[in-house]
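Content type compact mmCIF, C-alpha atoms, from the file upload12.txt:
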# COMPACT_ATOMS: atom_id res chain seq x y z
CA MET A 1 11.94 -8.18 1.25
CA ASP A 2 13.00 -4.75 0.00
CA LEU A 3 10.45 -4.86 -2.80
CA ALA A 4 7.65 -5.67 -0.37
CA SER A 5 8.63 -2.78 1.88
CA SER A 6 8.92 -0.40 -1.09
CA MET A 7 5.35 -1.33 -1.95
CA LEU A 8 4.28 -0.42 1.58
CA VAL A 9 6.21 2.88 1.44
CA ALA A 10 4.46 3.74 -1.82
CA ALA A 11 1.15 2.87 -0.17
CA SER A 12 1.93 5.27 2.68
CA GLY A 13 2.55 7.98 0.07
CA MET A 14 -0.80 7.20 -1.50
CA ARG A 15 -2.51 7.49 1.89
CA ALA A 16 -0.81 10.82 2.60
CA GLN A 17 -1.89 12.22 -0.77
CA SER A 18 -5.46 11.01 -0.15
CA SER A 19 -5.65 12.91 3.12
CA ARG A 20 -4.14 15.97 1.41
CA MET A 21 -6.84 15.62 -1.22
CA ARG A 22 -9.48 15.60 1.52
CA THR A 23 -8.17 18.90 2.90
CA ILE A 24 -8.18 20.42 -0.60
CA ALA A 25 -11.75 19.19 -1.11
CA GLU A 26 -12.78 20.89 2.14
CA ASN A 27 -11.15 24.12 1.00
CA ILE A 28 -12.79 24.09 -2.42
CA ALA A 29 -16.19 23.09 -1.05
CA ASN A 30 -16.07 25.90 1.51
CA ALA A 31 -14.66 28.54 -0.83
CA ASN A 32 -17.76 30.69 -0.35
CA SER A 33 -18.90 29.66 3.13
CA THR A 34 -19.71 32.68 5.25
CA SER A 35 -20.08 32.80 9.00
CA PRO A 36 -23.42 31.66 10.43
CA ILE A 37 -23.53 34.81 12.61
CA PRO A 38 -23.43 38.40 11.27
CA GLY A 39 -19.90 39.87 11.31
CA GLY A 40 -18.33 36.55 12.39
CA ASP A 41 -15.37 34.75 10.86
CA PRO A 42 -16.04 32.54 7.82
CA TYR A 43 -14.33 29.24 6.95
CA ARG A 44 -10.57 29.47 7.35
CA ARG A 45 -8.46 27.73 4.73
CA LYS A 46 -6.62 24.60 5.93
CA ILE A 47 -3.14 23.62 4.81
CA ALA A 48 -2.40 19.89 4.59
CA THR A 49 0.82 18.86 6.32
CA ILE A 50 2.90 15.87 5.33
CA ASN A 51 5.69 14.52 7.53
CA SER A 52 8.14 11.69 7.11
CA SER A 53 8.63 9.17 9.87
CA PHE A 54 10.87 6.16 10.27
CA ASP A 55 9.04 2.84 10.43
CA GLU A 56 11.01 0.38 12.60
CA GLU A 57 9.09 -2.62 11.32
CA LEU A 58 9.67 -1.82 7.66
CA ASN A 59 13.14 -0.37 8.25
CA ALA A 60 12.21 2.45 5.87
CA THR A 61 11.07 6.06 6.03
CA VAL A 62 7.36 6.34 5.33
CA VAL A 63 5.10 9.34 4.78
CA GLN A 64 2.49 10.38 7.28
CA SER A 65 -0.13 13.07 6.98
CA GLY A 66 -0.19 15.42 9.93
CA HIS A 67 -3.08 17.50 11.23
CA PRO A 68 -4.10 20.24 8.80
CA VAL A 69 -2.98 23.67 10.03
CA PRO A 70 -5.06 26.84 9.57
CA ASP A 71 -3.95 29.38 6.98
CA LEU A 72 -3.53 32.70 8.85
CA THR A 73 -3.78 35.01 5.85
CA PRO A 74 -6.56 37.64 6.21
CA PHE A 75 -10.08 36.92 4.97
CA ARG A 76 -11.46 38.44 1.80
CA THR A 77 -14.11 41.10 2.37
CA GLN A 78 -16.93 42.06 0.10
CA TYR A 79 -19.19 45.10 0.37
CA ASP A 80 -22.68 43.63 0.46
CA PRO A 81 -24.91 45.56 2.90
CA GLY A 82 -28.00 43.56 1.94
CA ASN A 83 -26.44 40.29 3.09
CA PRO A 84 -27.78 39.18 6.49
CA MET A 85 -24.25 38.08 7.48
CA ALA A 86 -22.75 41.55 6.85
CA ASP A 87 -21.19 43.50 9.73
CA LYS A 88 -22.23 47.05 10.78
CA GLN A 89 -20.20 48.65 7.96
CA GLY A 90 -21.89 46.43 5.39
CA TYR A 91 -18.93 44.14 4.71
CA VAL A 92 -19.19 40.34 4.49
CA LYS A 93 -16.09 38.32 5.33
CA LEU A 94 -15.36 35.54 2.84
CA PRO A 95 -12.95 32.61 3.31
CA ASN A 96 -9.27 33.12 2.50
CA VAL A 97 -9.51 30.39 -0.13
CA ASN A 98 -8.12 31.06 -3.58
CA SER A 99 -9.64 28.58 -6.02
CA LEU A 100 -6.68 28.84 -8.37
CA VAL A 101 -4.25 27.85 -5.61
CA GLU A 102 -6.52 24.96 -4.60
CA ILE A 103 -6.77 23.68 -8.16
CA MET A 104 -2.97 23.75 -8.48
CA ASP A 105 -2.65 21.94 -5.13
CA MET A 106 -5.17 19.36 -6.31
CA ARG A 107 -3.22 18.75 -9.52
CA GLU A 108 -0.05 18.27 -7.50
CA ALA A 109 -1.74 15.83 -5.13
CA GLN A 110 -3.10 13.92 -8.11
CA THR A 111 0.31 13.72 -9.81
CA SER A 112 2.03 12.64 -6.59
CA TYR A 113 -0.59 9.94 -6.07
CA GLU A 114 -0.04 8.66 -9.59
CA ALA A 115 3.72 8.66 -9.03
CA ASN A 116 3.23 6.46 -5.96
CA VAL A 117 0.89 4.17 -7.90
CA ASN A 118 3.60 3.81 -10.55
CA VAL A 119 6.19 2.92 -7.90
CA LEU A 120 3.84 0.28 -6.48
CA ASP A 121 3.18 -1.09 -9.94
CA ALA A 122 6.88 -1.24 -10.79
CA ALA A 123 7.74 -3.02 -7.52
CA LYS A 124 4.95 -5.51 -8.12
CA THR A 125 6.13 -6.15 -11.68
CA MET A 126 9.68 -6.72 -10.44
CA MET A 127 8.48 -9.24 -7.87
CA SER A 128 6.22 -11.06 -10.34
CA SER A 129 8.93 -11.29 -12.96
CA THR A 130 11.27 -12.78 -10.37
CA VAL A 131 8.66 -15.40 -9.45
CA ASN A 132 8.10 -16.06 -13.15
CA LEU A 133 11.71 -17.19 -13.47
CA LEU A 134 10.62 -20.34 -11.63
CA THR A 135 7.83 -21.19 -14.05
CA LYS A 136 10.06 -21.35 -17.11
CA MET B 137 21.46 -40.18 -20.13
CA THR B 138 24.39 -41.07 -18.00
CA ILE B 139 23.16 -39.66 -14.70
CA ALA B 140 23.51 -42.08 -11.84
CA PRO B 141 20.33 -42.58 -9.80
CA SER B 142 22.33 -41.92 -6.66
CA ALA B 143 23.27 -38.47 -7.98
CA ALA B 144 19.59 -37.69 -8.66
CA ALA B 145 18.62 -38.82 -5.18
CA ALA B 146 21.35 -36.63 -3.69
CA ALA B 147 20.10 -33.67 -5.73
CA TYR B 148 16.56 -34.24 -4.51
CA GLN B 149 17.77 -34.36 -0.91
CA ALA B 150 19.71 -31.15 -1.44
CA ILE B 151 16.57 -29.42 -2.78
CA ALA B 152 14.53 -30.67 0.16
CA LYS B 153 17.19 -29.38 2.53
CA ILE B 154 17.20 -25.94 0.87
CA GLY B 155 13.41 -25.83 1.10
CA ALA B 156 13.45 -26.76 4.76
CA ASP B 157 16.17 -24.20 5.50
CA SER B 158 14.32 -21.37 3.76
CA ALA B 159 11.09 -22.27 5.51
CA ALA B 160 12.86 -22.28 8.87
CA SER B 161 14.51 -18.93 8.23
CA SER B 162 11.45 -17.18 6.77
CA THR B 163 8.92 -18.16 9.41
CA ALA B 164 10.03 -17.61 12.97
CA GLY B 165 9.34 -20.34 15.48
CA VAL B 166 9.29 -23.14 12.93
CA ALA B 167 11.29 -26.21 13.87
CA ALA B 168 14.41 -26.58 11.73
CA GLY B 169 14.80 -29.57 9.44
CA GLY B 170 11.95 -31.63 8.08
CA ASP B 171 11.33 -32.85 4.58
CA PHE B 172 9.96 -31.22 1.52
CA SER B 173 6.33 -32.08 2.21
CA GLN B 174 6.63 -30.29 5.53
CA PHE B 175 8.09 -27.24 3.81
CA LEU B 176 5.32 -27.32 1.24
CA SER B 177 2.57 -27.54 3.83
CA GLN B 178 4.14 -24.66 5.79
CA ALA B 179 4.41 -22.52 2.68
CA MET B 180 0.83 -23.42 1.77
CA SER B 181 -0.55 -22.51 5.19
CA ASN B 182 1.43 -19.26 4.98
CA ALA B 183 -0.15 -18.52 1.60
CA VAL B 184 -3.61 -19.40 2.87
CA SER B 185 -3.26 -17.06 5.86
CA THR B 186 -2.08 -14.27 3.54
CA MET B 187 -5.07 -14.90 1.27
CA LYS B 188 -7.36 -14.83 4.30
CA SER B 189 -5.98 -11.49 5.45
CA GLY B 190 -6.56 -10.13 1.93
CA GLU B 191 -10.13 -11.38 2.00
CA GLN B 192 -10.66 -9.92 5.48
CA MET B 193 -9.39 -6.54 4.25
CA ALA B 194 -11.81 -6.64 1.33
CA VAL B 195 -14.71 -7.34 3.70
CA GLN B 196 -13.58 -4.51 6.00
CA GLN B 197 -13.42 -2.16 3.05
CA ALA B 198 -16.92 -3.14 1.99
CA THR B 199 -18.18 -2.24 5.46
CA GLY B 200 -16.22 1.01 5.41
CA GLN B 201 -13.59 0.08 8.00
CA ALA B 202 -10.49 -0.07 5.80
CA ASP B 203 -9.18 2.18 3.06
CA ILE B 204 -8.75 0.98 -0.50
CA VAL B 205 -4.94 1.26 -0.34
CA SER B 206 -4.75 -1.35 2.45
CA VAL B 207 -7.03 -3.65 0.47
CA VAL B 208 -4.86 -3.34 -2.63
CA ASN B 209 -1.75 -4.07 -0.55
CA ALA B 210 -3.24 -7.10 1.16
CA ILE B 211 -4.56 -8.57 -2.10
CA ASN B 212 -1.22 -7.89 -3.84
CA ASN B 213 0.64 -9.68 -1.05
CA ALA B 214 -1.75 -12.60 -1.24
CA GLU B 215 -1.38 -12.85 -5.01
CA LEU B 216 2.43 -12.74 -4.89
CA THR B 217 2.65 -15.29 -2.07
CA LEU B 218 0.33 -17.70 -3.86
CA ASP B 219 2.23 -17.27 -7.14
CA THR B 220 5.51 -18.03 -5.39
CA VAL B 221 4.19 -21.12 -3.62
CA VAL B 222 2.60 -22.46 -6.80
CA ALA B 223 5.79 -21.85 -8.81
CA VAL B 224 7.99 -23.59 -6.23
CA ARG B 225 5.57 -26.50 -6.00
CA ASP B 226 5.44 -26.92 -9.78
CA LYS B 227 9.20 -26.79 -10.02
CA VAL B 228 9.82 -29.38 -7.33
CA ILE B 229 7.06 -31.69 -8.56
CA SER B 230 8.53 -31.60 -12.05
CA ALA B 231 11.93 -32.43 -10.54
CA TYR B 232 10.36 -35.32 -8.64
CA GLN B 233 8.61 -36.60 -11.78
CA SER B 234 11.79 -36.46 -13.82
CA ILE B 235 13.48 -38.55 -11.14
CA MET B 236 10.59 -41.04 -11.06
CA GLN B 237 10.58 -41.44 -14.85
CA MET B 238 14.31 -42.05 -14.94
CA PRO B 239 15.12 -45.52 -16.33
CA ILE B 240 17.14 -47.45 -13.80
Would you put the structure from the file into C-alpha cells?
Amino acid sequence: MDLASSMLVAASGMRAQSSRMRTIAENIANANSTSPIPGGDPYRRKIATINSSFDEELNATVVQSGHPVPDLTPFRTQYDPGNPMADKQGYVKLPNVNSLVEIMDMREAQTSYEANVNVLDAAKTMMSSTVNLLTK
Amino acid sequence: MTIAPSAAAAAYQAIAKIGADSAASSTAGVAAGGDFSQFLSQAMSNAVSTMKSGEQMAVQQATGQADIVSVVNAINNAELTLDTVVAVRDKVISAYQSIMQMPI
C-alpha cells in the first residue's frame, strides 16, 4: 500500500500549503491595517511554519502546518499628522508587511501545492494502470 | 484443446484459494478459508464501505466540516477500490465461464 500512503502524504503537503496560503492571505489583506487606537501597534506580519512529523499509521513522514509565528521586524512608519491614528509626533505605524515578499511567498505556496497535486495524480495513475492490467 | 477438465477444476480451486488468502490477509479479523463467493462478498462489502466513507466526506464538505483534500482522497480511494473489485470479479467470472463452456 505504498502508493496509497504516498497519496496521503501528498495530501498532507496540500493541506500544509493551504494553511500557508491562509497566512499569506491574512498578511496581504492586512498590509495597510493600522491600529484602532492612536499610537498603537498595527497588524504584525505572520510567518507560516511547516513541520514534518512521522505518522505511525502510514509509516511515512507527513507535513504538518504549525502555528504561525509573528514577524519581529520593526513596523513601517509614515508621517501623517492628519491621521486620527497618528502618535504625538505625527507618525502612523504601518504593518511590517512587504507586498513583494508576500507575492513571492504566495507563488511558492502555489507551486508547492501544484507539485503535491502532481504527485497525487501520478500515484493515482500508477494504481489505476496496475488495476487495468486485470481488465485486459 | 487438450486441457483435462480435472486440470481446469484444480486451477479454479487454486484461484479461489488465492482469493480467500488475500481476503484473509487484507482484512483483519476475517476467518481464514472460505470459497470464492465469500471472498467476493467480503471485497464487495469493503468497496461499499469505502464508497460510503467517500460519500460521507462529500456531505461533510458540503456542510463545511471537511476540507476538499480529504474529500478528494476519500473519493479517490473509493474509486480505486471499486475498480479493483470489479476487475477481479470480471476476471474470475470470465475464468468460470471458460470452464463452463469447455466441452467435456
Residue nearest Ser12 of chain A among B:Val224, B:Ser177, B:Asn209, B:Phe172 (counting all atoms listed in the file):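 Ranking B:Val224, B:Ser177, B:Asn209, B:Phe172 by distance to Ser12 of chain A, first place goes to B:Asn209.
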Within 12 Å of file point (-1.4, 14.0, -7.6), counting only C-alpha atoms, expressed as a ChimeraX atom specification: /A:13-21,24,103-118
Counting all atoms listed in the file, chain A residues within 7 Å of chain B, as number ranges by chain: A: 11, 128, 131, 134-135
Two-atom distance - atom CA of Lys93 of chain A, atom CA of Pro81 of chain A (Å):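 Between atom CA of Lys93 of chain A and atom CA of Pro81 of chain A the gap is 11.7 Å.
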Proximity to Ser181 of chain B - best of B:Val195, B:Ala202, B:Leu218, B:Val228, all atoms listed in the file: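 For Ser181 of chain B, the nearest of the given residues is B:Leu218.
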Å distance separating atom CA of Ile37 of chain A from atom CA of Asn98 of chain A, one decimal place: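 Separation between atom CA of Ile37 of chain A and atom CA of Asn98 of chain A: 22.7 Å.
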Neighbour list for segment 44-53 of chain A as a PyMOL selection string, cut-off 8 Å, all atoms listed in the file, skip fewer than 5 positions in-chain: chain A and resi 16+19-20+23-24+27+61-72+75+95-97
